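The file input.csv contains CSV, C-alpha atoms:
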chain,number,residue,atom,x,y,z
A,1,MET,CA,-2.6,-17.4,-13.2
A,2,ARG,CA,-1.2,-14.0,-14.0
A,3,PHE,CA,-2.9,-10.6,-14.3
A,4,ARG,CA,-2.7,-8.9,-17.6
A,5,ASP,CA,-1.9,-5.5,-16.0
A,6,ARG,CA,-2.8,-3.4,-12.9
A,7,THR,CA,-6.1,-2.3,-14.4
A,8,GLN,CA,-7.3,-5.9,-14.8
A,9,ALA,CA,-6.0,-6.8,-11.4
A,10,GLY,CA,-8.0,-3.9,-9.9
A,11,ARG,CA,-11.2,-4.9,-11.6
A,12,LEU,CA,-10.8,-8.5,-10.4
A,13,LEU,CA,-9.9,-7.4,-6.9
A,14,ALA,CA,-13.1,-5.3,-6.8
A,15,GLU,CA,-15.2,-8.4,-7.3
A,16,TYR,CA,-14.0,-9.6,-3.9
A,17,LEU,CA,-15.0,-6.3,-2.3
A,18,GLN,CA,-18.6,-6.0,-3.5
A,19,HIS,CA,-20.0,-6.0,0.0
A,20,TYR,CA,-18.5,-2.5,0.4
A,21,LYS,CA,-20.2,-1.1,-2.8
A,22,ASP,CA,-22.4,2.0,-2.4
A,23,ARG,CA,-21.6,2.5,1.2
A,24,LEU,CA,-21.2,6.1,2.3
A,25,ASP,CA,-18.6,5.2,5.0
A,26,VAL,CA,-16.1,3.6,2.6
A,27,LEU,CA,-12.8,5.2,1.6
A,28,VAL,CA,-10.2,3.7,-0.8
A,29,LEU,CA,-6.6,4.6,-0.1
A,30,ALA,CA,-3.9,3.7,-2.6
A,31,LEU,CA,-0.2,3.1,-1.7
A,32,PRO,CA,1.8,4.9,-4.4
A,33,ARG,CA,2.9,4.4,-6.9
A,34,GLY,CA,1.9,1.0,-8.2
A,35,GLY,CA,-1.2,0.8,-6.0
A,36,VAL,CA,-2.9,3.8,-7.6
A,37,PRO,CA,-4.0,2.2,-10.9
A,38,VAL,CA,-5.3,-0.8,-9.0
A,39,ALA,CA,-7.1,1.3,-6.4
A,40,ARG,CA,-8.7,3.4,-9.1
A,41,GLU,CA,-10.5,0.4,-10.5
A,42,VAL,CA,-11.5,-0.7,-7.0
A,43,ALA,CA,-12.9,2.7,-6.1
A,44,ALA,CA,-14.8,3.0,-9.4
A,45,ALA,CA,-16.4,-0.4,-9.0
A,46,LEU,CA,-17.4,0.3,-5.4
A,47,LYS,CA,-18.5,3.9,-6.1
A,48,ALA,CA,-16.2,5.1,-3.3
A,49,PRO,CA,-13.8,8.1,-3.0
A,50,LEU,CA,-10.1,7.5,-3.8
A,51,ASP,CA,-7.0,9.1,-2.3
A,52,VAL,CA,-3.4,8.2,-1.7
A,53,PHE,CA,-1.7,7.2,1.6
A,54,MET,CA,2.0,7.8,1.7
A,55,VAL,CA,4.3,5.0,2.8
A,56,ARG,CA,8.0,4.3,2.0
A,57,LYS,CA,10.0,1.2,2.3
A,58,LEU,CA,13.2,1.3,4.2
A,59,GLY,CA,15.7,-0.5,2.0
A,60,VAL,CA,18.7,-2.3,3.3
A,61,PRO,CA,21.8,-0.3,2.4
A,62,GLY,CA,23.3,-1.8,-0.8
A,63,GLN,CA,20.3,-4.1,-1.2
A,64,GLU,CA,17.6,-1.4,-1.5
A,65,GLU,CA,15.0,-3.8,-2.8
A,66,LEU,CA,15.2,-5.8,0.5
A,67,GLY,CA,13.0,-4.0,3.0
A,68,MET,CA,14.1,-3.7,6.6
A,69,GLY,CA,11.0,-1.7,7.5
A,70,ALA,CA,8.8,1.1,6.4
A,71,ILE,CA,7.6,4.6,7.3
A,72,ALA,CA,4.2,6.1,6.7
A,73,SER,CA,2.4,9.4,7.0
A,74,GLY,CA,1.8,10.4,10.6
A,75,GLY,CA,5.4,9.5,11.8
A,76,VAL,CA,4.8,5.8,12.0
A,77,ARG,CA,7.9,3.5,11.5
A,78,THR,CA,8.0,-0.3,11.5
A,79,VAL,CA,11.3,-2.2,11.6
A,80,ASN,CA,12.1,-5.9,11.0
A,81,ASP,CA,14.2,-6.3,14.1
A,82,GLU,CA,15.2,-9.9,13.2
A,83,LEU,CA,16.5,-8.9,9.7
A,84,VAL,CA,18.3,-5.9,11.2
A,85,ARG,CA,20.0,-8.0,13.8
A,86,ASP,CA,20.9,-10.7,11.3
A,87,LEU,CA,22.5,-8.2,8.9
A,88,GLY,CA,24.2,-6.2,11.6
A,89,ILE,CA,22.6,-2.9,10.6
A,90,SER,CA,23.3,-0.1,13.1
A,91,ASN,CA,20.7,2.2,14.6
A,92,GLU,CA,22.6,5.1,13.0
A,93,MET,CA,22.2,3.5,9.5
A,94,ILE,CA,18.4,3.0,10.2
A,95,GLU,CA,18.1,6.6,11.2
A,96,PHE,CA,19.9,7.8,8.1
A,97,VAL,CA,17.8,5.7,5.7
A,98,THR,CA,14.7,6.8,7.6
A,99,SER,CA,15.6,10.5,7.1
A,100,GLN,CA,16.2,10.0,3.4
A,101,GLU,CA,12.9,8.2,2.9
A,102,GLN,CA,11.1,10.8,5.0
A,103,LYS,CA,12.2,13.5,2.6
A,104,GLU,CA,11.0,11.5,-0.4
A,105,LEU,CA,7.7,10.7,1.3
A,106,GLU,CA,7.0,14.4,1.9
A,107,ARG,CA,8.1,15.3,-1.7
A,108,ARG,CA,5.6,12.8,-3.1
A,109,GLU,CA,2.8,13.9,-0.8
A,110,ARG,CA,3.2,17.5,-2.0
A,111,LEU,CA,3.4,16.3,-5.6
A,112,TYR,CA,0.4,14.1,-5.6
A,113,ARG,CA,-1.9,16.1,-3.3
A,114,GLY,CA,-0.8,19.7,-3.7
A,115,ASN,CA,-2.8,21.9,-1.4
A,116,ARG,CA,-5.6,19.4,-1.1
A,117,PRO,CA,-5.9,18.2,2.5
A,118,PRO,CA,-6.0,14.4,3.2
A,119,PRO,CA,-9.4,12.9,3.6
A,120,PRO,CA,-10.9,12.3,7.0
A,121,ILE,CA,-10.4,8.7,8.2
A,122,GLY,CA,-12.1,8.6,11.6
A,123,GLY,CA,-15.1,6.4,11.8
A,124,ARG,CA,-14.8,5.2,8.2
A,125,SER,CA,-14.2,1.8,6.6
A,126,VAL,CA,-10.8,2.2,4.9
A,127,ILE,CA,-9.7,-0.1,2.1
A,128,VAL,CA,-6.0,0.1,1.7
A,129,VAL,CA,-4.8,-1.1,-1.8
A,130,ASP,CA,-1.4,-1.9,-3.3
A,131,ASP,CA,-0.5,-3.8,-6.5
A,132,GLY,CA,0.9,-6.7,-4.4
A,133,LEU,CA,2.9,-7.5,-1.4
A,134,ALA,CA,6.3,-9.2,-1.0
A,135,THR,CA,7.3,-8.7,2.6
A,136,GLY,CA,4.3,-6.8,3.8
A,137,TRP,CA,6.3,-4.2,5.7
A,138,THR,CA,5.0,-1.1,3.8
A,139,MET,CA,1.4,-2.3,4.2
A,140,LYS,CA,2.0,-2.9,8.0
A,141,ALA,CA,3.3,0.6,8.3
A,142,ALA,CA,0.3,2.0,6.5
A,143,VAL,CA,-2.2,0.0,8.6
A,144,ALA,CA,-0.5,1.2,11.8
A,145,ALA,CA,-0.6,4.8,10.7
A,146,ILE,CA,-4.2,4.6,9.6
A,147,ARG,CA,-5.2,3.0,13.0
A,148,GLN,CA,-3.9,6.2,14.7
A,149,GLN,CA,-6.8,8.1,13.0
A,150,GLN,CA,-9.5,5.8,14.5
A,151,PRO,CA,-11.2,4.3,11.5
A,152,ALA,CA,-14.1,2.0,12.0
A,153,ARG,CA,-12.4,-0.8,10.0
A,154,VAL,CA,-9.2,-1.3,8.1
A,155,ILE,CA,-9.4,-3.6,5.1
A,156,VAL,CA,-6.2,-4.6,3.3
A,157,ALA,CA,-6.8,-5.4,-0.4
A,158,VAL,CA,-4.2,-6.6,-2.9
A,159,PRO,CA,-4.2,-8.6,-6.1
A,160,ALA,CA,-1.3,-10.9,-5.1
A,161,ALA,CA,0.7,-11.8,-2.0
A,162,PRO,CA,2.3,-14.8,-0.3
A,163,PRO,CA,-0.2,-16.7,1.8
A,164,GLU,CA,1.9,-16.3,4.9
A,165,ILE,CA,2.0,-12.5,4.5
A,166,CYS,CA,-1.8,-12.4,4.2
A,167,ASP,CA,-2.0,-14.4,7.4
A,168,GLU,CA,0.4,-12.0,9.2
A,169,LEU,CA,-1.7,-9.0,8.1
A,170,ARG,CA,-4.8,-10.5,9.5
A,171,GLN,CA,-3.3,-9.8,12.9
A,172,GLU,CA,-3.1,-6.1,11.9
A,173,ALA,CA,-6.2,-5.4,9.8
A,174,ASP,CA,-9.9,-6.2,10.3
A,175,GLU,CA,-10.1,-7.9,6.9
A,176,VAL,CA,-7.5,-9.0,4.3
A,177,VAL,CA,-8.4,-9.7,0.7
A,178,CYS,CA,-5.7,-11.3,-1.5
A,179,ALA,CA,-7.0,-12.3,-4.9
A,180,LEU,CA,-4.0,-14.5,-5.7
A,181,THR,CA,-1.9,-16.3,-3.1
A,182,PRO,CA,0.4,-18.6,-5.0
A,183,GLN,CA,2.7,-21.1,-3.2
A,184,GLY,CA,6.3,-20.4,-4.0
A,185,PHE,CA,5.6,-16.7,-4.4
A,186,SER,CA,8.7,-15.1,-6.0
A,187,SER,CA,7.8,-11.4,-6.7
A,188,VAL,CA,4.9,-9.1,-7.3
A,189,GLY,CA,6.0,-8.5,-10.8
A,190,GLY,CA,6.0,-12.2,-11.5
A,191,CYS,CA,2.2,-12.1,-11.0
A,192,TYR,CA,1.7,-9.7,-14.0
A,193,GLU,CA,2.2,-10.0,-17.7
A,194,ASP,CA,2.7,-6.3,-18.0
A,195,PHE,CA,4.3,-4.6,-15.0
A,196,PRO,CA,5.9,-1.3,-15.9
A,197,GLN,CA,7.1,1.2,-13.2
A,198,THR,CA,4.2,3.6,-12.4
A,199,THR,CA,5.4,7.2,-12.8
A,200,ASP,CA,4.7,10.3,-10.7
A,201,GLU,CA,2.9,11.7,-13.7
A,202,GLU,CA,0.6,8.7,-14.0
A,203,VAL,CA,-0.3,8.9,-10.4
A,204,ARG,CA,-1.1,12.6,-10.7
A,205,ASP,CA,-3.2,12.0,-13.8
A,206,LEU,CA,-5.2,9.2,-12.2
A,207,LEU,CA,-5.9,11.3,-9.1
A,208,ARG,CA,-6.9,14.3,-11.3
A,209,GLN,CA,-9.3,12.1,-13.3
A,210,VAL,CA,-10.9,10.8,-10.1
A,211,ALA,CA,-11.2,14.3,-8.7

What does the file become when written as structure tokens?
Amino acid sequence: MRFRDRTQAGRLLAEYLQHYKDRLDVLVLALPRGGVPVAREVAAALKAPLDVFMVRKLGVPGQEELGMGAIASGGVRTVNDELVRDLGISNEMIEFVTSQEQKELERRERLYRGNRPPPPIGGRSVIVVDDGLATGWTMKAAVAAIRQQQPARVIVAVPAAPPEICDELRQEADEVVCALTPQGFSSVGGCYEDFPQTTDEEVRDLLRQVA
């Protein structure tokens, strides 16, 4: 099975989350950029407010698609110590990559939200949505950062992820919903027929439409 696109994936994912529909305490947070079109469909189906939560992967120098950790709003950083040790990545290099990604995180937060303050999280049931997970490091950073704001529950919801990553996240979140967990998972894009890069402009347009 493959999703047609992120819109269809979001609508299917929402079917697994119907027990959160019409609840006043629910907040849907999307991980930009690809998570935003998915989360928009989830929020619309559940009749819940939607916003973004900023998180950035820390890519291995020279192999940027390979994540060695992630940072999120609120100063949270997670690092895959085993990978860093195996690849011989120095603390100085981790700090350098972190500083670069922190600048990009802050740029995107200003771009997407403008002067609008982030939504309150304390005491709410927060559904964190992305378009899929490969290593899970960005989602783990997001969950850790959201936990600092004392939500009632944190629910991870993604259309596709490896089964072992979903199992790992169940140690971090109160609930994990993965619509598709294929064995031999190769990539998030491989779970979609149409998987273009989501642009900053698309994210801004979607958030404006919701607002």

At a cut-off of 9 Å, can you tabulate as CSV every residue of stretch 41-82 of chain A near stretch 120-141 of chain A together with its closest atom pair and the distance in Å to one decimal, using only C-alpha atoms and ordering rows by chain then number?
residue,atom,partner,partner_atom,distance
A:Val42,CA,A:Val129,CA,8.5
A:Phe53,CA,A:Val128,CA,8.3
A:Val55,CA,A:Thr138,CA,6.2
A:Arg56,CA,A:Thr138,CA,6.4
A:Lys57,CA,A:Thr138,CA,5.7
A:Leu58,CA,A:Thr138,CA,8.6
A:Leu66,CA,A:Thr135,CA,8.7
A:Gly67,CA,A:Trp137,CA,7.2
A:Met68,CA,A:Trp137,CA,7.9
A:Gly69,CA,A:Trp137,CA,5.6
A:Ala70,CA,A:Thr138,CA,5.1
A:Ile71,CA,A:Ala141,CA,6.0
A:Ala72,CA,A:Ala141,CA,5.8
A:Ser73,CA,A:Ala141,CA,8.9
A:Val76,CA,A:Ala141,CA,6.6
A:Arg77,CA,A:Ala141,CA,6.3
A:Thr78,CA,A:Ala141,CA,5.8
A:Val79,CA,A:Trp137,CA,8.0
A:Asn80,CA,A:Trp137,CA,8.0

Excluding A:Lys103 and residues on its chain fewer than 2 positions from it, collect all residues at most 12 Å away from it, counting all atoms listed in the file, and give them as a PDB file with C-alpha atoms, in the coordinates of the input.
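Written out: out.pdb:
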ATOM      1  CA  MET A  54       2.000   7.800   1.700  1.00  0.00           C
ATOM      2  CA  VAL A  55       4.300   5.000   2.800  1.00  0.00           C
ATOM      3  CA  ARG A  56       8.000   4.300   2.000  1.00  0.00           C
ATOM      4  CA  ILE A  71       7.600   4.600   7.300  1.00  0.00           C
ATOM      5  CA  ALA A  72       4.200   6.100   6.700  1.00  0.00           C
ATOM      6  CA  SER A  73       2.400   9.400   7.000  1.00  0.00           C
ATOM      7  CA  PHE A  96      19.900   7.800   8.100  1.00  0.00           C
ATOM      8  CA  VAL A  97      17.800   5.700   5.700  1.00  0.00           C
ATOM      9  CA  THR A  98      14.700   6.800   7.600  1.00  0.00           C
ATOM     10  CA  SER A  99      15.600  10.500   7.100  1.00  0.00           C
ATOM     11  CA  GLN A 100      16.200  10.000   3.400  1.00  0.00           C
ATOM     12  CA  GLU A 101      12.900   8.200   2.900  1.00  0.00           C
ATOM     13  CA  LEU A 105       7.700  10.700   1.300  1.00  0.00           C
ATOM     14  CA  GLU A 106       7.000  14.400   1.900  1.00  0.00           C
ATOM     15  CA  ARG A 107       8.100  15.300  -1.700  1.00  0.00           C
ATOM     16  CA  ARG A 108       5.600  12.800  -3.100  1.00  0.00           C
ATOM     17  CA  GLU A 109       2.800  13.900  -0.800  1.00  0.00           C
ATOM     18  CA  ARG A 110       3.200  17.500  -2.000  1.00  0.00           C
TER      19      ARG A 110
END

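For the pair atom CA of A:Val203 and atom CA of A:Pro32, the separation is 7.5 Å.
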
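When atom CA of A:Ala179 is paired with atom CA of A:Arg2, their separation reads 10.9 Å.
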
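Atom to atom, atom CA of A:Ser90 and atom CA of A:Gln102 stand 18.3 Å apart.
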
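Take the candidates A:Ala152, A:Leu169, A:Arg40, A:Ala160 and check each one against A:Ala14 using only C-alpha atoms; the shortest distance goes to A:Arg40.
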
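For the residues A:Tyr112, A:Tyr192, A:Tyr16, A:Phe3, ranking by smallest atom-to-atom distance to A:Arg208 using all atoms listed in the file places A:Tyr112 first.
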
*For the point (-10.5, 5.9, -3.5) in the file's frame, write as a PyMOL selection string all residues with an atom no more than 8 Å away, counting only C-alpha atoms.*
chain A and resi 27-30+39-40+42-44+48-52

_From the options A:Gly74, A:Leu180, A:Glu175, A:Val84, which residue's atoms come nearest to A:Ala144, counting only C-alpha atoms?_
A:Gly74

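Of the residues listed (A:Val143, A:Ala173, A:Leu87, A:Val188), A:Val188 shows the shortest atom-to-atom separation from A:Arg6; distances use all atoms listed in the file.
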
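Ranking A:Ile165, A:Lys47, A:Gly88, A:Leu206 by their shortest atom-to-atom distance to A:Gln183, with only C-alpha atoms included, puts A:Ile165 first.
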
*Near A:Arg11, counting only C-alpha atoms, which residues have an atom at most 8 Å away, once you skip same-chain residues fewer than 3 positions from it, shown as a PyMOL selection string?*
chain A and resi 7-8+14-15+38+41-42+45

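Proximity to A:Val36 was assessed for A:Gly59, A:Gly10, A:Gly75, A:Pro117 counting all atoms listed in the file; the smallest distance is recorded for A:Gly10.
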
Extract stretch 15-47 of chain A from the structure I just pasted (atoms: N, CA and C atoms) and return it as a PDB file, in the first residue's frame.
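Contents of decode-v5.pdb, as written:
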ATOM      1  N   GLU A  15      -8.729   8.974  10.489  1.00  0.00           N
ATOM      2  CA  GLU A  15      -9.678   7.920  10.821  1.00  0.00           C
ATOM      3  C   GLU A  15      -9.225   7.129  12.058  1.00  0.00           C
ATOM      4  N   TYR A  16      -7.923   7.091  12.295  1.00  0.00           N
ATOM      5  CA  TYR A  16      -7.383   6.386  13.462  1.00  0.00           C
ATOM      6  C   TYR A  16      -7.451   7.245  14.730  1.00  0.00           C
ATOM      7  N   LEU A  17      -7.874   8.504  14.572  1.00  0.00           N
ATOM      8  CA  LEU A  17      -7.850   9.456  15.690  1.00  0.00           C
ATOM      9  C   LEU A  17      -9.240   9.995  16.032  1.00  0.00           C
ATOM     10  N   GLN A  18     -10.262   9.284  15.595  1.00  0.00           N
ATOM     11  CA  GLN A  18     -11.623   9.799  15.772  1.00  0.00           C
ATOM     12  C   GLN A  18     -12.034   9.938  17.232  1.00  0.00           C
ATOM     13  N   HIS A  19     -11.350   9.233  18.114  1.00  0.00           N
ATOM     14  CA  HIS A  19     -11.697   9.353  19.540  1.00  0.00           C
ATOM     15  C   HIS A  19     -11.288  10.710  20.112  1.00  0.00           C
ATOM     16  N   TYR A  20     -10.582  11.521  19.315  1.00  0.00           N
ATOM     17  CA  TYR A  20     -10.225  12.876  19.743  1.00  0.00           C
ATOM     18  C   TYR A  20     -11.092  13.946  19.079  1.00  0.00           C
ATOM     19  N   LYS A  21     -12.062  13.543  18.306  1.00  0.00           N
ATOM     20  CA  LYS A  21     -12.892  14.501  17.573  1.00  0.00           C
ATOM     21  C   LYS A  21     -13.795  15.296  18.522  1.00  0.00           C
ATOM     22  N   ASP A  22     -13.911  16.597  18.219  1.00  0.00           N
ATOM     23  CA  ASP A  22     -14.814  17.511  18.948  1.00  0.00           C
ATOM     24  C   ASP A  22     -14.441  17.687  20.413  1.00  0.00           C
ATOM     25  N   ARG A  23     -13.198  17.405  20.773  1.00  0.00           N
ATOM     26  CA  ARG A  23     -12.752  17.621  22.143  1.00  0.00           C
ATOM     27  C   ARG A  23     -12.083  18.980  22.264  1.00  0.00           C
ATOM     28  N   LEU A  24     -12.482  19.732  23.267  1.00  0.00           N
ATOM     29  CA  LEU A  24     -11.990  21.099  23.410  1.00  0.00           C
ATOM     30  C   LEU A  24     -10.534  21.165  23.859  1.00  0.00           C
ATOM     31  N   ASP A  25     -10.019  20.058  24.416  1.00  0.00           N
ATOM     32  CA  ASP A  25      -8.641  20.084  24.923  1.00  0.00           C
ATOM     33  C   ASP A  25      -7.607  19.684  23.873  1.00  0.00           C
ATOM     34  N   VAL A  26      -8.037  19.326  22.673  1.00  0.00           N
ATOM     35  CA  VAL A  26      -7.128  18.787  21.668  1.00  0.00           C
ATOM     36  C   VAL A  26      -6.459  19.907  20.858  1.00  0.00           C
ATOM     37  N   LEU A  27      -5.168  19.750  20.632  1.00  0.00           N
ATOM     38  CA  LEU A  27      -4.391  20.651  19.788  1.00  0.00           C
ATOM     39  C   LEU A  27      -3.560  19.797  18.841  1.00  0.00           C
ATOM     40  N   VAL A  28      -3.597  20.126  17.544  1.00  0.00           N
ATOM     41  CA  VAL A  28      -2.794  19.421  16.542  1.00  0.00           C
ATOM     42  C   VAL A  28      -1.581  20.273  16.209  1.00  0.00           C
ATOM     43  N   LEU A  29      -0.389  19.706  16.354  1.00  0.00           N
ATOM     44  CA  LEU A  29       0.851  20.395  16.024  1.00  0.00           C
ATOM     45  C   LEU A  29       1.555  19.655  14.892  1.00  0.00           C
ATOM     46  N   ALA A  30       1.887  20.386  13.832  1.00  0.00           N
ATOM     47  CA  ALA A  30       2.551  19.811  12.673  1.00  0.00           C
ATOM     48  C   ALA A  30       4.047  20.071  12.738  1.00  0.00           C
ATOM     49  N   LEU A  31       4.841  19.086  12.321  1.00  0.00           N
ATOM     50  CA  LEU A  31       6.271  19.287  12.172  1.00  0.00           C
ATOM     51  C   LEU A  31       6.540  19.728  10.733  1.00  0.00           C
ATOM     52  N   PRO A  32       6.978  20.988  10.553  1.00  0.00           N
ATOM     53  CA  PRO A  32       7.247  21.477   9.192  1.00  0.00           C
ATOM     54  C   PRO A  32       8.465  20.771   8.598  1.00  0.00           C
ATOM     55  N   ARG A  33       8.490  20.651   7.245  1.00  0.00           N
ATOM     56  CA  ARG A  33       7.450  21.227   6.427  1.00  0.00           C
ATOM     57  C   ARG A  33       6.413  20.176   6.015  1.00  0.00           C
ATOM     58  N   GLY A  34       6.904  18.953   5.737  1.00  0.00           N
ATOM     59  CA  GLY A  34       6.014  17.944   5.181  1.00  0.00           C
ATOM     60  C   GLY A  34       4.858  17.544   6.061  1.00  0.00           C
ATOM     61  N   GLY A  35       4.981  17.748   7.372  1.00  0.00           N
ATOM     62  CA  GLY A  35       3.893  17.374   8.269  1.00  0.00           C
ATOM     63  C   GLY A  35       2.699  18.298   8.207  1.00  0.00           C
ATOM     64  N   VAL A  36       2.869  19.494   7.648  1.00  0.00           N
ATOM     65  CA  VAL A  36       1.785  20.485   7.683  1.00  0.00           C
ATOM     66  C   VAL A  36       0.584  20.066   6.823  1.00  0.00           C
ATOM     67  N   PRO A  37       0.755  19.668   5.549  1.00  0.00           N
ATOM     68  CA  PRO A  37      -0.421  19.242   4.788  1.00  0.00           C
ATOM     69  C   PRO A  37      -1.111  18.011   5.360  1.00  0.00           C
ATOM     70  N   VAL A  38      -0.346  17.124   5.996  1.00  0.00           N
ATOM     71  CA  VAL A  38      -0.955  15.964   6.648  1.00  0.00           C
ATOM     72  C   VAL A  38      -1.772  16.417   7.857  1.00  0.00           C
ATOM     73  N   ALA A  39      -1.166  17.258   8.683  1.00  0.00           N
ATOM     74  CA  ALA A  39      -1.828  17.717   9.910  1.00  0.00           C
ATOM     75  C   ALA A  39      -3.045  18.563   9.620  1.00  0.00           C
ATOM     76  N   ARG A  40      -3.020  19.284   8.502  1.00  0.00           N
ATOM     77  CA  ARG A  40      -4.193  20.096   8.162  1.00  0.00           C
ATOM     78  C   ARG A  40      -5.434  19.208   8.003  1.00  0.00           C
ATOM     79  N   GLU A  41      -5.277  18.070   7.355  1.00  0.00           N
ATOM     80  CA  GLU A  41      -6.408  17.161   7.175  1.00  0.00           C
ATOM     81  C   GLU A  41      -6.838  16.539   8.498  1.00  0.00           C
ATOM     82  N   VAL A  42      -5.871  16.223   9.349  1.00  0.00           N
ATOM     83  CA  VAL A  42      -6.181  15.657  10.671  1.00  0.00           C
ATOM     84  C   VAL A  42      -6.960  16.673  11.498  1.00  0.00           C
ATOM     85  N   ALA A  43      -6.472  17.918  11.540  1.00  0.00           N
ATOM     86  CA  ALA A  43      -7.134  18.951  12.339  1.00  0.00           C
ATOM     87  C   ALA A  43      -8.545  19.225  11.827  1.00  0.00           C
ATOM     88  N   ALA A  44      -8.707  19.255  10.504  1.00  0.00           N
ATOM     89  CA  ALA A  44     -10.038  19.511   9.940  1.00  0.00           C
ATOM     90  C   ALA A  44     -11.012  18.395  10.298  1.00  0.00           C
ATOM     91  N   ALA A  45     -10.549  17.147  10.226  1.00  0.00           N
ATOM     92  CA  ALA A  45     -11.422  16.016  10.532  1.00  0.00           C
ATOM     93  C   ALA A  45     -11.799  15.960  12.008  1.00  0.00           C
ATOM     94  N   LEU A  46     -10.869  16.359  12.872  1.00  0.00           N
ATOM     95  CA  LEU A  46     -11.125  16.302  14.315  1.00  0.00           C
ATOM     96  C   LEU A  46     -11.763  17.577  14.844  1.00  0.00           C
ATOM     97  N   LYS A  47     -11.842  18.604  13.974  1.00  0.00           N
ATOM     98  CA  LYS A  47     -12.347  19.931  14.372  1.00  0.00           C
ATOM     99  C   LYS A  47     -11.511  20.492  15.520  1.00  0.00           C
TER     100      LYS A  47
END
